[in-house]
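See below for my_file04.cif, which holds mmCIF, C-alpha atoms; chains and numbers go by the auth columns.
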data_upload
loop_
_atom_site.group_PDB
_atom_site.id
_atom_site.type_symbol
_atom_site.label_atom_id
_atom_site.label_comp_id
_atom_site.label_asym_id
_atom_site.label_seq_id
_atom_site.Cartn_x
_atom_site.Cartn_y
_atom_site.Cartn_z
_atom_site.B_iso_or_equiv
_atom_site.auth_seq_id
_atom_site.auth_asym_id
ATOM 1 C CA MET A 1 25.782 -28.580 -3.804 0.00 1 Y
ATOM 2 C CA LYS A 2 24.403 -30.781 -1.054 0.00 2 Y
ATOM 3 C CA ASN A 3 25.884 -31.160 2.407 0.00 3 Y
ATOM 4 C CA SER A 4 25.519 -33.211 5.565 0.00 4 Y
ATOM 5 C CA ILE A 5 26.218 -30.487 8.115 0.00 5 Y
ATOM 6 C CA ARG A 6 22.897 -31.086 9.875 0.00 6 Y
ATOM 7 C CA VAL A 7 23.772 -34.780 10.280 0.00 7 Y
ATOM 8 C CA GLU A 8 27.262 -33.992 11.575 0.00 8 Y
ATOM 9 C CA ARG A 9 25.796 -31.479 13.974 0.00 9 Y
ATOM 10 C CA ALA A 10 23.276 -34.006 15.222 0.00 10 Y
ATOM 11 C CA LYS A 11 26.069 -36.515 15.868 0.00 11 Y
ATOM 12 C CA LEU A 12 27.789 -34.006 18.147 0.00 12 Y
ATOM 13 C CA ARG A 13 24.446 -32.715 19.520 0.00 13 Y
ATOM 14 C CA GLU A 14 25.553 -29.271 18.525 0.00 14 Y
ATOM 15 C CA THR A 15 23.335 -26.237 17.846 0.00 15 Y
ATOM 16 C CA GLN A 16 23.601 -23.975 14.803 0.00 16 Y
ATOM 17 C CA GLN A 17 24.857 -21.227 17.095 0.00 17 Y
ATOM 18 C CA ASN A 18 27.650 -23.463 18.468 0.00 18 Y
ATOM 19 C CA LEU A 19 28.835 -24.280 14.963 0.00 19 Y
ATOM 20 C CA ALA A 20 28.570 -20.616 13.930 0.00 20 Y
ATOM 21 C CA ASP A 21 30.688 -19.518 16.901 0.00 21 Y
ATOM 22 C CA ALA A 22 33.237 -22.268 16.283 0.00 22 Y
ATOM 23 C CA VAL A 23 33.905 -21.285 12.669 0.00 23 Y
ATOM 24 C CA GLY A 24 33.361 -17.541 13.090 0.00 24 Y
ATOM 25 C CA ILE A 25 30.175 -16.996 11.082 0.00 25 Y
ATOM 26 C CA THR A 26 26.570 -16.026 11.867 0.00 26 Y
ATOM 27 C CA ARG A 27 23.776 -18.457 12.672 0.00 27 Y
ATOM 28 C CA GLN A 28 22.031 -17.150 9.557 0.00 28 Y
ATOM 29 C CA SER A 29 24.929 -18.403 7.463 0.00 29 Y
ATOM 30 C CA VAL A 30 24.782 -21.880 9.031 0.00 30 Y
ATOM 31 C CA HIS A 31 21.039 -21.962 8.378 0.00 31 Y
ATOM 32 C CA ALA A 32 21.500 -20.883 4.743 0.00 32 Y
ATOM 33 C CA ILE A 33 24.263 -23.457 4.130 0.00 33 Y
ATOM 34 C CA GLU A 34 22.305 -26.296 5.733 0.00 34 Y
ATOM 35 C CA ASN A 35 19.256 -25.470 3.636 0.00 35 Y
ATOM 36 C CA GLU A 36 21.425 -25.285 0.499 0.00 36 Y
ATOM 37 C CA LYS A 37 20.556 -21.644 -0.129 0.00 37 Y
ATOM 38 C CA TYR A 38 24.193 -20.643 0.031 0.00 38 Y
ATOM 39 C CA VAL A 39 27.360 -22.441 -1.085 0.00 39 Y
ATOM 40 C CA PRO A 40 30.243 -21.565 1.262 0.00 40 Y
ATOM 41 C CA SER A 41 33.675 -20.476 0.062 0.00 41 Y
ATOM 42 C CA ALA A 42 36.520 -23.014 0.019 0.00 42 Y
ATOM 43 C CA VAL A 43 37.985 -21.460 3.184 0.00 43 Y
ATOM 44 C CA LEU A 44 34.714 -21.769 5.083 0.00 44 Y
ATOM 45 C CA ALA A 45 34.064 -25.308 3.785 0.00 45 Y
ATOM 46 C CA ILE A 46 37.506 -26.405 5.059 0.00 46 Y
ATOM 47 C CA LYS A 47 36.868 -24.757 8.432 0.00 47 Y
ATOM 48 C CA ILE A 48 33.521 -26.544 8.795 0.00 48 Y
ATOM 49 C CA ALA A 49 35.044 -29.896 7.789 0.00 49 Y
ATOM 50 C CA ARG A 50 37.932 -29.417 10.242 0.00 50 Y
ATOM 51 C CA HIS A 51 35.485 -28.570 12.987 0.00 51 Y
ATOM 52 C CA PHE A 52 33.734 -31.906 12.500 0.00 52 Y
ATOM 53 C CA GLY A 53 37.034 -33.737 11.986 0.00 53 Y
ATOM 54 C CA VAL A 54 36.165 -34.975 8.494 0.00 54 Y
ATOM 55 C CA LYS A 55 37.332 -34.283 4.930 0.00 55 Y
ATOM 56 C CA VAL A 56 35.591 -31.566 2.912 0.00 56 Y
ATOM 57 C CA GLU A 57 34.321 -34.096 0.369 0.00 57 Y
ATOM 58 C CA ASP A 58 32.775 -36.150 3.179 0.00 58 Y
ATOM 59 C CA ILE A 59 30.538 -33.278 4.140 0.00 59 Y
ATOM 60 C CA PHE A 60 29.937 -31.449 0.826 0.00 60 Y
ATOM 61 C CA PHE A 61 28.678 -33.301 -2.257 0.00 61 Y
ATOM 62 C CA ILE A 62 28.657 -32.034 -5.811 0.00 62 Y
ATOM 63 C CA GLU A 63 25.542 -32.809 -7.842 0.00 63 Y
ATOM 64 C CA ASP A 64 25.319 -33.406 -11.588 0.00 64 Y
ATOM 65 C CA THR A 65 23.614 -30.051 -12.021 0.00 65 Y
ATOM 66 C CA ASP A 66 26.502 -28.142 -10.333 0.00 66 Y
ATOM 67 C CA MET B 1 36.253 -14.658 9.129 0.00 1 X
ATOM 68 C CA ASN B 2 38.892 -12.205 7.949 0.00 2 X
ATOM 69 C CA THR B 3 38.396 -11.806 4.246 0.00 3 X
ATOM 70 C CA LYS B 4 39.377 -8.978 1.905 0.00 4 X
ATOM 71 C CA HIS B 5 35.797 -7.897 1.114 0.00 5 X
ATOM 72 C CA LYS B 6 35.517 -6.250 4.531 0.00 6 X
ATOM 73 C CA SER B 7 38.231 -3.705 3.845 0.00 7 X
ATOM 74 C CA PHE B 8 36.100 -1.138 1.972 0.00 8 X
ATOM 75 C CA LEU B 9 33.316 -1.050 4.577 0.00 9 X
ATOM 76 C CA LEU B 10 33.196 1.309 7.548 0.00 10 X
ATOM 77 C CA PRO B 11 33.128 -0.065 11.119 0.00 11 X
ATOM 78 C CA HIS B 12 29.707 -0.996 12.513 0.00 12 X
ATOM 79 C CA HIS B 13 29.359 2.024 14.830 0.00 13 X
ATOM 80 C CA PHE B 14 29.148 4.304 11.762 0.00 14 X
ATOM 81 C CA GLN B 15 25.856 2.586 11.003 0.00 15 X
ATOM 82 C CA ILE B 16 24.450 3.605 14.387 0.00 16 X
ATOM 83 C CA VAL B 17 25.504 7.214 13.732 0.00 17 X
ATOM 84 C CA GLY B 18 23.888 6.948 10.271 0.00 18 X
ATOM 85 C CA TRP B 19 20.556 5.724 11.674 0.00 19 X
ATOM 86 C CA ILE B 20 20.512 8.507 14.298 0.00 20 X
ATOM 87 C CA LEU B 21 21.218 11.118 11.604 0.00 21 X
ATOM 88 C CA PHE B 22 18.605 9.554 9.326 0.00 22 X
ATOM 89 C CA THR B 23 15.955 9.735 12.083 0.00 23 X
ATOM 90 C CA ILE B 24 16.821 13.352 12.932 0.00 24 X
ATOM 91 C CA VAL B 25 16.637 14.404 9.251 0.00 25 X
ATOM 92 C CA LEU B 26 13.301 12.636 8.735 0.00 26 X
ATOM 93 C CA LEU B 27 11.787 14.099 11.906 0.00 27 X
ATOM 94 C CA TRP B 28 13.058 17.538 10.927 0.00 28 X
ATOM 95 C CA GLY B 29 11.598 17.086 7.412 0.00 29 X
ATOM 96 C CA VAL B 30 8.205 16.093 8.814 0.00 30 X
ATOM 97 C CA PHE B 31 8.306 19.056 11.201 0.00 31 X
ATOM 98 C CA VAL B 32 9.119 21.534 8.395 0.00 32 X
ATOM 99 C CA MET B 33 6.384 20.111 6.145 0.00 33 X
ATOM 100 C CA ALA B 34 3.854 20.167 9.002 0.00 34 X
ATOM 101 C CA THR B 35 4.571 23.846 9.623 0.00 35 X
ATOM 102 C CA TRP B 36 4.848 24.665 5.903 0.00 36 X
ATOM 103 C CA GLN B 37 1.761 26.921 5.863 0.00 37 X
ATOM 104 C CA ASP B 38 3.410 29.225 8.421 0.00 38 X
ATOM 105 C CA ILE B 39 6.228 30.060 6.006 0.00 39 X
ATOM 106 C CA ASP B 40 6.110 33.457 4.329 0.00 40 X
ATOM 107 C CA LEU B 41 5.007 32.823 0.747 0.00 41 X
ATOM 108 C CA ASN B 42 7.222 35.642 -0.557 0.00 42 X
ATOM 109 C CA LYS B 43 10.239 33.728 0.689 0.00 43 X
ATOM 110 C CA PHE B 44 8.778 30.343 -0.217 0.00 44 X
ATOM 111 C CA PHE B 45 11.182 29.470 -3.012 0.00 45 X
ATOM 112 C CA ILE B 46 14.261 30.480 -1.042 0.00 46 X
ATOM 113 C CA VAL B 47 13.119 28.401 1.956 0.00 47 X
ATOM 114 C CA ASP B 48 12.171 25.513 -0.342 0.00 48 X
ATOM 115 C CA LYS B 49 15.617 25.398 -1.977 0.00 49 X
ATOM 116 C CA TRP B 50 17.436 25.721 1.332 0.00 50 X
ATOM 117 C CA PHE B 51 15.258 23.043 2.910 0.00 51 X
ATOM 118 C CA LEU B 52 15.796 20.591 0.047 0.00 52 X
ATOM 119 C CA PHE B 53 19.549 21.234 -0.041 0.00 53 X
ATOM 120 C CA VAL B 54 19.989 20.499 3.682 0.00 54 X
ATOM 121 C CA MET B 55 17.586 17.554 3.535 0.00 55 X
ATOM 122 C CA TYR B 56 19.314 15.879 0.571 0.00 56 X
ATOM 123 C CA THR B 57 22.829 16.526 1.881 0.00 57 X
ATOM 124 C CA PHE B 58 22.155 14.959 5.266 0.00 58 X
ATOM 125 C CA LEU B 59 20.073 12.144 3.782 0.00 59 X
ATOM 126 C CA PHE B 60 23.002 11.312 1.472 0.00 60 X
ATOM 127 C CA LEU B 61 25.375 11.338 4.408 0.00 61 X
ATOM 128 C CA ALA B 62 23.076 9.181 6.565 0.00 62 X
ATOM 129 C CA ALA B 63 22.405 6.744 3.717 0.00 63 X
ATOM 130 C CA GLY B 64 26.147 6.476 3.060 0.00 64 X
ATOM 131 C CA LEU B 65 26.896 5.721 6.699 0.00 65 X
ATOM 132 C CA VAL B 66 24.132 3.113 6.931 0.00 66 X
ATOM 133 C CA GLY B 67 24.718 1.445 3.585 0.00 67 X
ATOM 134 C CA LEU B 68 28.494 1.385 3.632 0.00 68 X
ATOM 135 C CA SER B 69 29.155 0.208 7.169 0.00 69 X
ATOM 136 C CA ARG B 70 29.475 -3.377 8.369 0.00 70 X
ATOM 137 C CA GLU B 71 26.766 -5.320 10.105 0.00 71 X
ATOM 138 C CA LYS B 72 27.416 -6.261 13.717 0.00 72 X
ATOM 139 C CA GLN B 73 28.535 -9.674 12.485 0.00 73 X
ATOM 140 C CA GLU B 74 29.560 -9.457 8.857 0.00 74 X
ATOM 141 C CA ASP B 75 30.533 -12.758 7.288 0.00 75 X
ATOM 142 C CA GLU B 76 30.720 -14.021 3.705 0.00 76 X
ATOM 143 C CA TYR B 77 26.990 -14.862 3.561 0.00 77 X
ATOM 144 C CA ILE B 78 26.034 -11.321 4.644 0.00 78 X
ATOM 145 C CA SER B 79 28.486 -9.955 2.053 0.00 79 X
ATOM 146 C CA ASN B 80 26.810 -12.176 -0.528 0.00 80 X
ATOM 147 C CA ILE B 81 23.396 -10.724 0.375 0.00 81 X
ATOM 148 C CA ARG B 82 24.933 -7.226 0.206 0.00 82 X
ATOM 149 C CA ALA B 83 26.354 -7.864 -3.275 0.00 83 X
ATOM 150 C CA SER B 84 23.146 -9.384 -4.652 0.00 84 X
ATOM 151 C CA SER B 85 21.103 -6.521 -3.156 0.00 85 X
ATOM 152 C CA LEU B 86 23.335 -4.093 -5.059 0.00 86 X
ATOM 153 C CA ALA B 87 22.755 -6.094 -8.241 0.00 87 X
ATOM 154 C CA ILE B 88 18.957 -6.048 -7.733 0.00 88 X
ATOM 155 C CA THR B 89 19.133 -2.282 -7.118 0.00 89 X
ATOM 156 C CA ALA B 90 21.157 -1.826 -10.306 0.00 90 X
ATOM 157 C CA TYR B 91 18.524 -3.736 -12.354 0.00 91 X
ATOM 158 C CA ILE B 92 15.640 -1.707 -10.864 0.00 92 X
ATOM 159 C CA THR B 93 17.534 1.560 -11.419 0.00 93 X
ATOM 160 C CA ILE B 94 18.288 0.705 -15.054 0.00 94 X
ATOM 161 C CA ILE B 95 14.667 -0.300 -15.752 0.00 95 X
ATOM 162 C CA TRP B 96 13.439 2.862 -13.995 0.00 96 X
ATOM 163 C CA PHE B 97 15.912 5.012 -15.933 0.00 97 X
ATOM 164 C CA VAL B 98 14.832 3.508 -19.286 0.00 98 X
ATOM 165 C CA VAL B 99 11.106 3.890 -18.514 0.00 99 X
ATOM 166 C CA TYR B 100 11.713 7.422 -17.211 0.00 100 X
ATOM 167 C CA SER B 101 13.751 8.390 -20.292 0.00 101 X
ATOM 168 C CA ILE B 102 11.051 7.082 -22.662 0.00 102 X
ATOM 169 C CA PHE B 103 8.330 9.009 -20.818 0.00 103 X
ATOM 170 C CA ASP B 104 10.534 12.084 -20.617 0.00 104 X
ATOM 171 C CA SER B 105 11.210 12.117 -24.356 0.00 105 X
ATOM 172 C CA MET B 106 7.533 11.383 -25.116 0.00 106 X
ATOM 173 C CA VAL B 107 6.326 14.224 -22.922 0.00 107 X
ATOM 174 C CA SER B 108 8.926 16.581 -24.396 0.00 108 X
ATOM 175 C CA GLN B 109 7.926 15.501 -27.921 0.00 109 X
ATOM 176 C CA PHE B 110 4.164 15.457 -27.644 0.00 110 X
ATOM 177 C CA GLY B 111 3.563 17.777 -24.697 0.00 111 X
ATOM 178 C CA LYS B 112 -0.091 17.855 -23.717 0.00 112 X
ATOM 179 C CA GLY B 113 -0.954 15.158 -26.234 0.00 113 X
ATOM 180 C CA ILE B 114 0.077 12.399 -23.834 0.00 114 X
ATOM 181 C CA ASP B 115 -2.672 10.981 -21.640 0.00 115 X
ATOM 182 C CA VAL B 116 -0.618 9.553 -18.790 0.00 116 X
ATOM 183 C CA PHE B 117 0.108 12.982 -17.362 0.00 117 X
ATOM 184 C CA GLN B 118 -2.680 15.409 -18.142 0.00 118 X
ATOM 185 C CA SER B 119 -0.376 18.351 -18.578 0.00 119 X
ATOM 186 C CA THR B 120 3.304 19.075 -18.902 0.00 120 X
ATOM 187 C CA GLU B 121 3.115 20.889 -15.552 0.00 121 X
ATOM 188 C CA GLN B 122 2.184 17.628 -13.856 0.00 122 X
ATOM 189 C CA TRP B 123 5.065 15.906 -15.610 0.00 123 X
ATOM 190 C CA ALA B 124 7.423 18.676 -14.455 0.00 124 X
ATOM 191 C CA LEU B 125 6.287 18.062 -10.871 0.00 125 X
ATOM 192 C CA PHE B 126 6.777 14.309 -11.271 0.00 126 X
ATOM 193 C CA ARG B 127 10.171 14.928 -12.834 0.00 127 X
ATOM 194 C CA LEU B 128 11.247 17.118 -9.908 0.00 128 X
ATOM 195 C CA HIS B 129 10.456 14.474 -7.308 0.00 129 X
ATOM 196 C CA TYR B 130 11.033 11.127 -9.034 0.00 130 X
ATOM 197 C CA ASN B 131 13.888 11.600 -11.458 0.00 131 X
ATOM 198 C CA PRO B 132 16.477 8.816 -11.132 0.00 132 X
ATOM 199 C CA GLN B 133 18.732 10.400 -8.581 0.00 133 X
ATOM 200 C CA VAL B 134 21.553 8.430 -7.026 0.00 134 X
ATOM 201 C CA LEU B 135 20.036 8.985 -3.588 0.00 135 X
ATOM 202 C CA TYR B 136 16.904 7.034 -4.482 0.00 136 X
ATOM 203 C CA SER B 137 18.988 4.128 -5.769 0.00 137 X
ATOM 204 C CA PHE B 138 21.067 4.120 -2.626 0.00 138 X
ATOM 205 C CA LEU B 139 18.000 4.227 -0.383 0.00 139 X
ATOM 206 C CA LEU B 140 16.504 1.415 -2.457 0.00 140 X
ATOM 207 C CA TYR B 141 19.682 -0.642 -1.903 0.00 141 X
ATOM 208 C CA ILE B 142 19.443 -0.095 1.867 0.00 142 X
ATOM 209 C CA ILE B 143 15.769 -1.115 1.888 0.00 143 X
ATOM 210 C CA ILE B 144 16.436 -4.293 -0.157 0.00 144 X
ATOM 211 C CA PHE B 145 19.536 -5.285 1.841 0.00 145 X
ATOM 212 C CA LYS B 146 18.029 -4.640 5.282 0.00 146 X
ATOM 213 C CA SER B 147 14.720 -6.321 4.491 0.00 147 X
ATOM 214 C CA ARG B 148 16.526 -9.428 3.222 0.00 148 X
ATOM 215 C CA LEU B 149 18.572 -9.539 6.428 0.00 149 X
ATOM 216 C CA ILE B 150 15.409 -9.181 8.533 0.00 150 X
ATOM 217 C CA ILE B 151 13.635 -11.940 6.553 0.00 151 X
ATOM 218 C CA ASN B 152 16.657 -14.236 7.006 0.00 152 X
ATOM 219 C CA ARG B 153 16.779 -13.579 10.748 0.00 153 X
ATOM 220 C CA TRP B 154 13.051 -14.224 10.999 0.00 154 X
ATOM 221 C CA ARG B 155 13.429 -17.543 9.131 0.00 155 X
ATOM 222 C CA VAL B 156 16.264 -18.657 11.413 0.00 156 X
ATOM 223 C CA ARG B 157 14.275 -17.770 14.540 0.00 157 X
ATOM 224 C CA HIS B 158 11.179 -19.604 13.322 0.00 158 X
ATOM 225 C CA GLU B 159 12.940 -22.708 12.043 0.00 159 X
ATOM 226 C CA LYS B 160 11.407 -25.922 13.325 0.00 160 X
#
As structure tokens - that is how I would like this structure written.
Amino acid sequence: MKNSIRVERAKLRETQQNLADAVGITRQSVHAIENEKYVPSAVLAIKIARHFGVKVEDIFFIEDTD
Amino acid sequence: MNTKHKSFLLPHHFQIVGWILFTIVLLWGVFVMATWQDIDLNKFFIVDKWFLFVMYTFLFLAAGLVGLSREKQEDEYISNIRASSLAITAYITIIWFVVYSIFDSMVSQFGKGIDVFQSTEQWALFRLHYNPQVLYSFLLYIIIFKSRLIINRWRVRHEK
């Protein structure tokens, strides 16, 4: 699953730590999600999307291999 | 994030207590082994058994406190690492158990005929120290889990 969290973060000029604090996770988790090493749960995906003010499907993209 | 997976883990401060206990037990173990030659050989086996009993009991306790308590910040990604570390440990333990069982039955069957261990006495010594005890598996889990956390933290710190 791909995502555009890094892009959304860049738009807001936000650090990984800021995002982590906002959604209640560790910076390690943000790093792992951004680098597609970890797929977040539905709850966390919704929280991240809400934080950026977009829909979940605008920030997370399913690939053919998923 | 308040999720159900947290409920079976102890609070983080138990981990600190666990590490302190772990350090004390290890230092005590090193001290006893360093002064081993001073122990009366007539009482050697009694001391040996007592020493091992105390050592294993407190190591189990320390390992339990460290391995079963939350990280300072425990989220779903950390829980994921924890779960996969347990799975890796289970695979290693099963492989070790199978290999150990094969060797054990071979040594029992053929005795001194096996070349890997020159004598059954050597095998008995190996068996005493490296048989697949739960403690070793649990320590292995802690090592895998903690090293993966450290590697992840290092990667995050050194990200360009």
Would you tabulate, counting all atoms listed in the file, all residues of chain Y that have an atom at most 8 Å from an atom of chain X, showing the closest pair of atoms and their distance in Å to one decimal, sorted by chain then ascending number, as JSON lines?
{"residue": "Y:Val23", "atom": "CA", "partner": "X:Met1", "partner_atom": "CA", "distance": 7.9}
{"residue": "Y:Gly24", "atom": "CA", "partner": "X:Met1", "partner_atom": "CA", "distance": 5.7}
{"residue": "Y:Ile25", "atom": "CA", "partner": "X:Asp75", "partner_atom": "CA", "distance": 5.7}
{"residue": "Y:Thr26", "atom": "CA", "partner": "X:Gln73", "partner_atom": "CA", "distance": 6.7}
{"residue": "Y:Arg27", "atom": "CA", "partner": "X:Val156", "partner_atom": "CA", "distance": 7.6}
{"residue": "Y:Gln28", "atom": "CA", "partner": "X:Val156", "partner_atom": "CA", "distance": 6.2}
{"residue": "Y:Ser29", "atom": "CA", "partner": "X:Tyr77", "partner_atom": "CA", "distance": 5.7}
{"residue": "Y:His31", "atom": "CA", "partner": "X:Val156", "partner_atom": "CA", "distance": 6.6}
{"residue": "Y:Tyr38", "atom": "CA", "partner": "X:Tyr77", "partner_atom": "CA", "distance": 7.3}
{"residue": "Y:Pro40", "atom": "CA", "partner": "X:Tyr77", "partner_atom": "CA", "distance": 7.8}
{"residue": "Y:Ser41", "atom": "CA", "partner": "X:Glu76", "partner_atom": "CA", "distance": 8.0}
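If you look at atom CA of Asn35 of chain Y and atom CA of Ala87 of chain X, they are 23.0 Å away from each other.
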Exercise for review: Report as a PyMOL selection string the full result of the PyMOL selection byres ((chain Y and resi 5) around 12) when it is applied to this structure.
Suggested key: chain Y and resi 2-4+6-16+19-20+30-36+40+45+48-54+56-61
Point to revise | Output check: residues returned by the PyMOL selection byres ((chain X and resi 62) around 12), as a PyMOL selection string | key: chain X and resi 14-26+55-61+63-69+135+138-139+142
Exercise for review: Apply the PyMOL selection byres ((chain X and resi 137) around 12) to the structure shown and report the selected residues as a PyMOL selection string.
Suggested key: chain X and resi 60+63-64+67+85-97+130-136+138-144
Write the selection just made, keeping C-alpha atoms, as a compact mmCIF listing (two decimals), keeping the file's coordinate frame?
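Result saved to selection22.txt:
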# COMPACT_ATOMS: atom_id res chain seq x y z
CA PHE X 60 23.00 11.31 1.47
CA ALA X 63 22.40 6.74 3.72
CA GLY X 64 26.15 6.48 3.06
CA GLY X 67 24.72 1.44 3.58
CA SER X 85 21.10 -6.52 -3.16
CA LEU X 86 23.34 -4.09 -5.06
CA ALA X 87 22.76 -6.09 -8.24
CA ILE X 88 18.96 -6.05 -7.73
CA THR X 89 19.13 -2.28 -7.12
CA ALA X 90 21.16 -1.83 -10.31
CA TYR X 91 18.52 -3.74 -12.35
CA ILE X 92 15.64 -1.71 -10.86
CA THR X 93 17.53 1.56 -11.42
CA ILE X 94 18.29 0.70 -15.05
CA ILE X 95 14.67 -0.30 -15.75
CA TRP X 96 13.44 2.86 -14.00
CA PHE X 97 15.91 5.01 -15.93
CA TYR X 130 11.03 11.13 -9.03
CA ASN X 131 13.89 11.60 -11.46
CA PRO X 132 16.48 8.82 -11.13
CA GLN X 133 18.73 10.40 -8.58
CA VAL X 134 21.55 8.43 -7.03
CA LEU X 135 20.04 8.98 -3.59
CA TYR X 136 16.90 7.03 -4.48
CA PHE X 138 21.07 4.12 -2.63
CA LEU X 139 18.00 4.23 -0.38
CA LEU X 140 16.50 1.42 -2.46
CA TYR X 141 19.68 -0.64 -1.90
CA ILE X 142 19.44 -0.10 1.87
CA ILE X 143 15.77 -1.12 1.89
CA ILE X 144 16.44 -4.29 -0.16
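Straight-line separation from atom CA of Leu9 of chain X to atom CA of Arg82 of chain X: 11.3 Å.
The spacing separating atom CA of Ile62 of chain Y from atom CA of Ser84 of chain X amounts to 23.3 Å.
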Mind giving me the axis-aligned box for segment 50-64 of chain Y with 4 Å on every side, centre plus edges in Å to one decimal, as JSON?
{"center_x": 31.6, "center_y": -32.4, "center_z": 0.7, "size_x": 20.6, "size_y": 15.6, "size_z": 32.6}
